[in-house]
>>> print(open('coords-v9.txt').read())   # compact mmCIF, C-alpha atoms and all ligand atoms
# COMPACT_ATOMS: atom_id res chain seq x y z
CA MET A 1 96.09 157.02 71.74
CA GLY A 2 97.87 157.53 75.03
CA ARG A 3 99.34 154.13 74.76
CA ARG A 4 100.62 154.74 71.25
CA ARG A 5 102.26 157.98 72.41
CA SER A 6 104.02 156.28 75.27
CA VAL A 7 105.25 153.60 72.89
CA ALA A 8 106.69 156.35 70.66
CA THR A 9 108.33 158.06 73.66
CA CYS A 10 109.78 154.76 74.69
CA GLY A 11 111.19 154.33 71.17
CA ILE A 12 112.88 157.72 71.30
CA VAL A 13 114.41 157.00 74.69
CA LEU A 14 115.68 153.66 73.43
CA ALA A 15 117.13 155.28 70.30
CA ALA A 16 118.92 157.90 72.39
CA TRP A 17 120.26 155.25 74.71
CA TRP A 18 121.44 153.21 71.74
CA CYS A 19 123.17 156.22 70.16
CA PHE A 20 125.00 157.23 73.31
CA GLY A 21 125.99 153.64 73.83
CA GLN A 22 127.82 153.78 70.49
CA ILE A 23 130.26 156.46 71.61
CA PRO A 24 133.40 154.59 72.60
CA VAL A 25 135.26 155.62 75.72
CA GLY A 26 138.35 156.44 73.65
CA SER A 27 136.59 159.22 71.77
CA ARG A 28 136.44 161.50 74.79
CA THR A 29 138.21 164.78 74.14
CA ARG A 30 141.97 164.39 74.19
CA VAL A 31 143.90 166.60 76.57
CA ILE A 32 147.26 167.81 75.30
CA GLU A 33 149.57 169.14 77.99
CA VAL A 34 152.13 171.76 77.08
CA LEU A 35 154.63 173.68 79.14
CA ALA A 36 155.48 177.20 77.95
CA ASP A 37 158.63 177.45 79.98
CA ARG A 38 160.71 180.22 81.49
CA ASP A 39 163.53 179.54 79.04
CA SER A 40 161.25 180.56 76.14
CA ARG A 41 160.65 177.02 74.93
CA TYR A 42 157.55 174.89 74.54
CA LYS A 43 157.89 171.51 76.18
CA ILE A 44 155.83 168.34 76.14
CA ALA A 45 156.55 165.64 78.71
CA GLY A 46 158.35 162.68 77.17
CA GLU A 47 159.20 164.44 73.91
CA LYS A 48 162.73 165.59 73.20
CA ILE A 49 161.52 167.85 70.40
CA PRO A 50 157.98 168.95 71.27
CA GLU A 51 155.38 168.37 68.60
CA ILE A 52 151.59 168.18 68.52
CA SER A 53 149.76 165.86 66.16
CA VAL A 54 145.99 166.01 65.79
CA LYS A 55 143.36 164.77 63.39
CA ALA A 56 141.60 167.27 61.12
CA GLY A 57 138.57 168.67 62.95
CA GLU A 58 139.41 166.82 66.17
CA PRO A 59 138.20 168.48 69.36
CA ILE A 60 141.05 168.83 71.84
CA VAL A 61 141.74 170.47 75.15
CA LEU A 62 145.05 172.30 75.40
CA ARG A 63 146.22 172.37 79.00
CA ILE A 64 149.06 174.84 79.00
CA THR A 65 151.23 175.72 81.95
CA ALA A 66 153.14 178.96 81.48
CA ARG A 67 156.19 180.04 83.44
CA LYS A 68 157.39 183.60 83.26
CA ALA A 69 160.54 184.27 81.26
CA LYS A 70 162.34 187.63 81.34
CA SER A 71 159.68 189.94 79.94
CA TRP A 72 155.94 189.97 79.38
CA ASN A 73 153.08 191.99 77.91
CA ARG A 74 151.45 194.86 79.73
CA ASP A 75 148.19 192.88 79.86
CA GLY A 76 149.97 190.29 82.02
CA SER A 77 150.39 187.59 79.37
CA ILE A 78 153.81 185.96 79.63
CA HIS A 79 153.79 183.79 76.48
CA GLY A 80 151.58 183.28 73.48
CA PHE A 81 150.40 180.23 71.58
CA SER A 82 149.46 181.08 68.00
CA LEU A 83 148.95 178.65 65.16
CA LEU A 84 150.32 179.47 61.70
CA ARG A 85 150.15 177.53 58.45
CA ALA A 86 153.74 176.44 57.77
CA LYS A 87 153.54 177.07 54.01
CA ASP A 88 152.80 180.81 54.20
CA ARG A 89 152.88 181.56 57.94
CA SER A 90 149.30 182.82 57.80
CA LYS A 91 147.38 182.81 61.06
CA VAL A 92 144.73 180.21 61.77
CA ALA A 93 141.56 181.96 62.99
CA GLY A 94 140.72 181.39 66.64
CA TRP A 95 144.20 180.11 67.51
CA ASP A 96 145.73 183.25 68.93
CA LEU A 97 146.06 182.38 72.59
CA LEU A 98 147.70 184.50 75.28
CA LEU A 99 149.03 182.74 78.35
CA ARG A 100 148.97 183.85 81.96
CA PRO A 101 151.27 182.48 84.63
CA GLY A 102 150.07 179.08 85.76
CA THR A 103 147.92 176.41 84.15
CA GLN A 104 145.08 177.23 81.79
CA GLU A 105 142.86 175.17 79.53
CA PHE A 106 141.54 175.93 76.06
CA SER A 107 138.90 173.87 74.26
CA MET A 108 139.90 173.89 70.62
CA ILE A 109 138.92 172.28 67.33
CA ALA A 110 141.83 171.20 65.13
CA PRO A 111 142.00 172.83 61.69
CA ASP A 112 140.00 171.07 58.96
CA GLU A 113 142.90 171.21 56.53
CA PRO A 114 145.53 168.50 56.97
CA GLY A 115 149.13 169.65 56.76
CA GLU A 116 152.03 171.27 58.52
CA TYR A 117 151.49 174.05 60.99
CA VAL A 118 153.69 175.82 63.49
CA VAL A 119 152.92 177.10 66.97
CA VAL A 120 154.65 180.39 67.75
CA CYS A 121 154.92 182.57 70.82
CA THR A 122 153.50 186.06 70.26
CA VAL A 123 154.83 187.66 73.44
CA ILE A 124 158.38 189.02 73.36
CA CYS A 125 159.27 186.88 76.37
CA SER A 126 163.09 187.06 76.28
CA GLU A 127 166.01 187.40 73.90
CA ASP A 128 165.32 183.75 72.98
CA HIS A 129 161.72 184.49 72.02
CA GLU A 130 162.38 183.90 68.31
CA GLY A 131 163.21 180.30 69.11
CA MET A 132 159.91 179.69 70.84
CA PHE A 133 157.99 177.59 68.34
CA MET A 134 156.96 174.01 67.78
CA ARG A 135 155.73 171.79 65.00
CA PHE A 136 152.02 171.08 64.79
CA VAL A 137 150.76 168.44 62.36
CA VAL A 138 147.18 167.93 61.23
CA THR A 139 146.53 164.48 59.80
CA GLN A 140 143.62 163.31 57.66
CU CU A 201 157.36 183.06 74.83
>>> encode(input="coords-v9.txt", output="structure tokens")
Amino acid sequence: MGRRRSVATCGIVLAAWWCFGQIPVGSRTRVIEVLADRDSRYKIAGEKIPEISVKAGEPIVLRITARKAKSWNRDGSIHGFSLLRAKDRSKVAGWDLLLRPGTQEFSMIAPDEPGEYVVVCTVICSEDHEGMFMRFVVTQ
């Protein structure tokens, strides 16, 4: 009996080991680095026009560095990072981020619905605040 149990335990351990072994290195959570800059613009290193592209339901880490523009919220947030559906500019639940000065990370899950989205700043950060947005694409 004891022997049979240990054989079963061994099987479970082997199955777990096999499963974890199947996760390729490349599937580790992708980190997307964004700069919310003092000139009221989002920036992504190496991109002339910043844009984020993710797969539907993909877990990502947003690493956002925020630099203070001319004005900020009373709670100390200096920029925002909110996701809207491009077609009707409705807010995506859970994607209403407020940014503090410096670098901060957010673990997020990409929307399930493929399509065009837009990231907008929700803090009136300067007279150029209205221009603080960027394209966000969710692919199948
Ligand atoms: Cu802003």
>>> residues_near_ligand(input="coords-v9.txt", ligand="ligand CU 201 (chain A)", cutoff="12 Å", atoms="only C-alpha atoms and all ligand atoms", output="PyMOL selection string")
chain A and resi 35-43+65-73+77-82+97-101+119-134
>>> closest_residue(input="coords-v9.txt", among="A:Gly115, A:Thr103, A:Asp75, A:Ala93", to="Glu33 in chain A", atoms="only C-alpha atoms")
A:Thr103
>>> closest_residue(input="coords-v9.txt", among="A:Ile49, A:Val61, A:Met108, A:Val137", to="Trp95 in chain A", atoms="all atoms listed in the file")
A:Met108
>>> atom_distance(input="coords-v9.txt", atom1="CA of Val34 in chain A", atom2="CA of Gly102 in chain A")
11.5 Å
>>> residues_around(input="coords-v9.txt", residues="Val92 in chain A", least_positions_apart="5", cutoff="7 Å", atoms="all atoms listed in the file", output="number ranges by chain")
A: 83-85
>>> axis_aligned_box(input="coords-v9.txt", around="range 80-86 of chain A", padding_each_side="3 Å", output="lines of an AutoDock Vina configuration file")
center_x = 151.3
center_y = 179.9
center_z = 65.6
size_x = 10.8
size_y = 12.8
size_z = 21.7
>>> closest_residue(input="coords-v9.txt", among="A:Arg135, A:Gln140, A:Pro114, A:Ile109", to="Gly57 in chain A", atoms="all atoms listed in the file")
A:Ile109
>>> atom_distance(input="coords-v9.txt", atom1="CA of Leu62 in chain A", atom2="CA of Val31 in chain A")
5.9 Å
>>> closest_residue(input="coords-v9.txt", among="A:Ile32, A:Ala110, A:Ala86, A:Val118", to="Val54 in chain A", atoms="all atoms listed in the file")
A:Ala110
>>> atom_distance(input="coords-v9.txt", atom1="CA of Thr29 in chain A", atom2="CA of Ala56 in chain A")
13.7 Å
>>> decode(input="coords-v9.txt", residues="range 16-115 of chain A", atoms="C-alpha atoms", output="compact mmCIF listing (two decimals), in the first residue's frame")
# COMPACT_ATOMS: atom_id res chain seq x y z
CA ALA A 16 4.40 18.59 -12.54
CA TRP A 17 8.00 18.59 -13.65
CA TRP A 18 6.93 17.71 -17.19
CA CYS A 19 4.33 20.49 -17.26
CA PHE A 20 6.68 23.18 -16.02
CA GLY A 21 9.26 21.97 -18.46
CA GLN A 22 6.83 22.79 -21.27
CA ILE A 23 6.73 26.51 -20.49
CA PRO A 24 9.16 28.10 -22.92
CA VAL A 25 11.48 30.81 -21.71
CA GLY A 26 9.93 33.28 -24.16
CA SER A 27 6.54 33.12 -22.48
CA ARG A 28 7.71 34.96 -19.38
CA THR A 29 5.72 38.13 -18.81
CA ARG A 30 6.69 40.86 -21.23
CA VAL A 31 7.78 44.16 -19.74
CA ILE A 32 6.72 47.24 -21.69
CA GLU A 33 8.62 50.40 -20.78
CA VAL A 34 6.92 53.74 -21.21
CA LEU A 35 8.01 57.26 -20.42
CA ALA A 36 5.28 59.72 -19.46
CA ASP A 37 7.39 62.77 -20.05
CA ARG A 38 7.49 66.33 -18.79
CA ASP A 39 6.41 67.64 -22.20
CA SER A 40 3.06 65.83 -21.82
CA ARG A 41 3.91 63.04 -24.24
CA TYR A 42 4.16 59.29 -23.90
CA LYS A 43 7.43 57.93 -25.24
CA ILE A 44 8.75 54.46 -25.95
CA ALA A 45 12.45 53.99 -26.59
CA GLY A 46 13.18 53.37 -30.26
CA GLU A 47 9.72 54.38 -31.48
CA LYS A 48 9.18 57.67 -33.25
CA ILE A 49 5.44 57.45 -32.71
CA PRO A 50 4.86 55.49 -29.49
CA GLU A 51 2.52 52.55 -29.76
CA ILE A 52 1.83 49.45 -27.69
CA SER A 53 0.84 46.17 -29.29
CA VAL A 54 -0.26 43.21 -27.18
CA LYS A 55 -2.04 39.92 -27.69
CA ALA A 56 -5.59 39.52 -26.38
CA GLY A 57 -5.45 38.33 -22.77
CA GLU A 58 -1.66 38.58 -22.63
CA PRO A 59 -0.21 39.27 -19.18
CA ILE A 60 2.17 42.23 -19.30
CA VAL A 61 4.08 44.42 -16.93
CA LEU A 62 3.91 48.14 -17.63
CA ARG A 63 7.02 49.85 -16.33
CA ILE A 64 6.20 53.52 -16.52
CA THR A 65 8.53 56.36 -15.67
CA ALA A 66 6.73 59.64 -15.10
CA ARG A 67 8.31 63.08 -15.18
CA LYS A 68 6.44 66.06 -13.86
CA ALA A 69 5.04 68.51 -16.39
CA LYS A 70 3.60 71.89 -15.40
CA SER A 71 0.69 70.85 -13.21
CA TRP A 72 -0.51 67.81 -11.29
CA ASN A 73 -3.35 66.43 -9.20
CA ARG A 74 -3.76 67.20 -5.53
CA ASP A 75 -3.19 63.51 -4.74
CA GLY A 76 0.33 63.85 -6.16
CA SER A 77 -0.26 62.06 -9.46
CA ILE A 78 1.50 63.86 -12.30
CA HIS A 79 0.14 61.92 -15.31
CA GLY A 80 -2.45 59.25 -15.95
CA PHE A 81 -2.54 56.16 -18.11
CA SER A 82 -6.10 55.16 -19.00
CA LEU A 83 -7.17 52.75 -21.69
CA LEU A 84 -10.17 53.58 -23.88
CA ARG A 85 -11.78 51.64 -26.71
CA ALA A 86 -11.05 53.69 -29.85
CA LYS A 87 -14.49 53.11 -31.40
CA ASP A 88 -16.53 54.75 -28.62
CA ARG A 89 -13.89 56.03 -26.18
CA SER A 90 -15.38 53.91 -23.40
CA LYS A 91 -13.09 53.08 -20.51
CA VAL A 92 -11.58 49.63 -20.12
CA ALA A 93 -12.16 48.42 -16.54
CA GLY A 94 -9.04 48.19 -14.41
CA TRP A 95 -6.97 50.36 -16.75
CA ASP A 96 -7.25 53.69 -15.00
CA LEU A 97 -3.73 54.21 -13.72
CA LEU A 98 -2.40 57.29 -11.95
CA LEU A 99 1.32 57.96 -12.13
CA ARG A 100 3.63 59.31 -9.46
CA PRO A 101 7.00 60.88 -10.18
CA GLY A 102 9.56 58.20 -10.90
CA THR A 103 9.31 54.62 -12.11
CA GLN A 104 6.40 52.37 -11.23
CA GLU A 105 5.27 48.95 -12.39
CA PHE A 106 1.78 47.63 -13.04
CA SER A 107 0.95 43.98 -13.70
CA MET A 108 -1.84 44.02 -16.26
CA ILE A 109 -3.81 41.62 -18.43
CA ALA A 110 -4.45 42.82 -21.99
CA PRO A 111 -8.11 43.18 -22.98
CA ASP A 112 -9.74 40.02 -24.35
CA GLU A 113 -11.24 41.87 -27.28
CA PRO A 114 -8.89 42.46 -30.21
CA GLY A 115 -9.01 45.90 -31.75
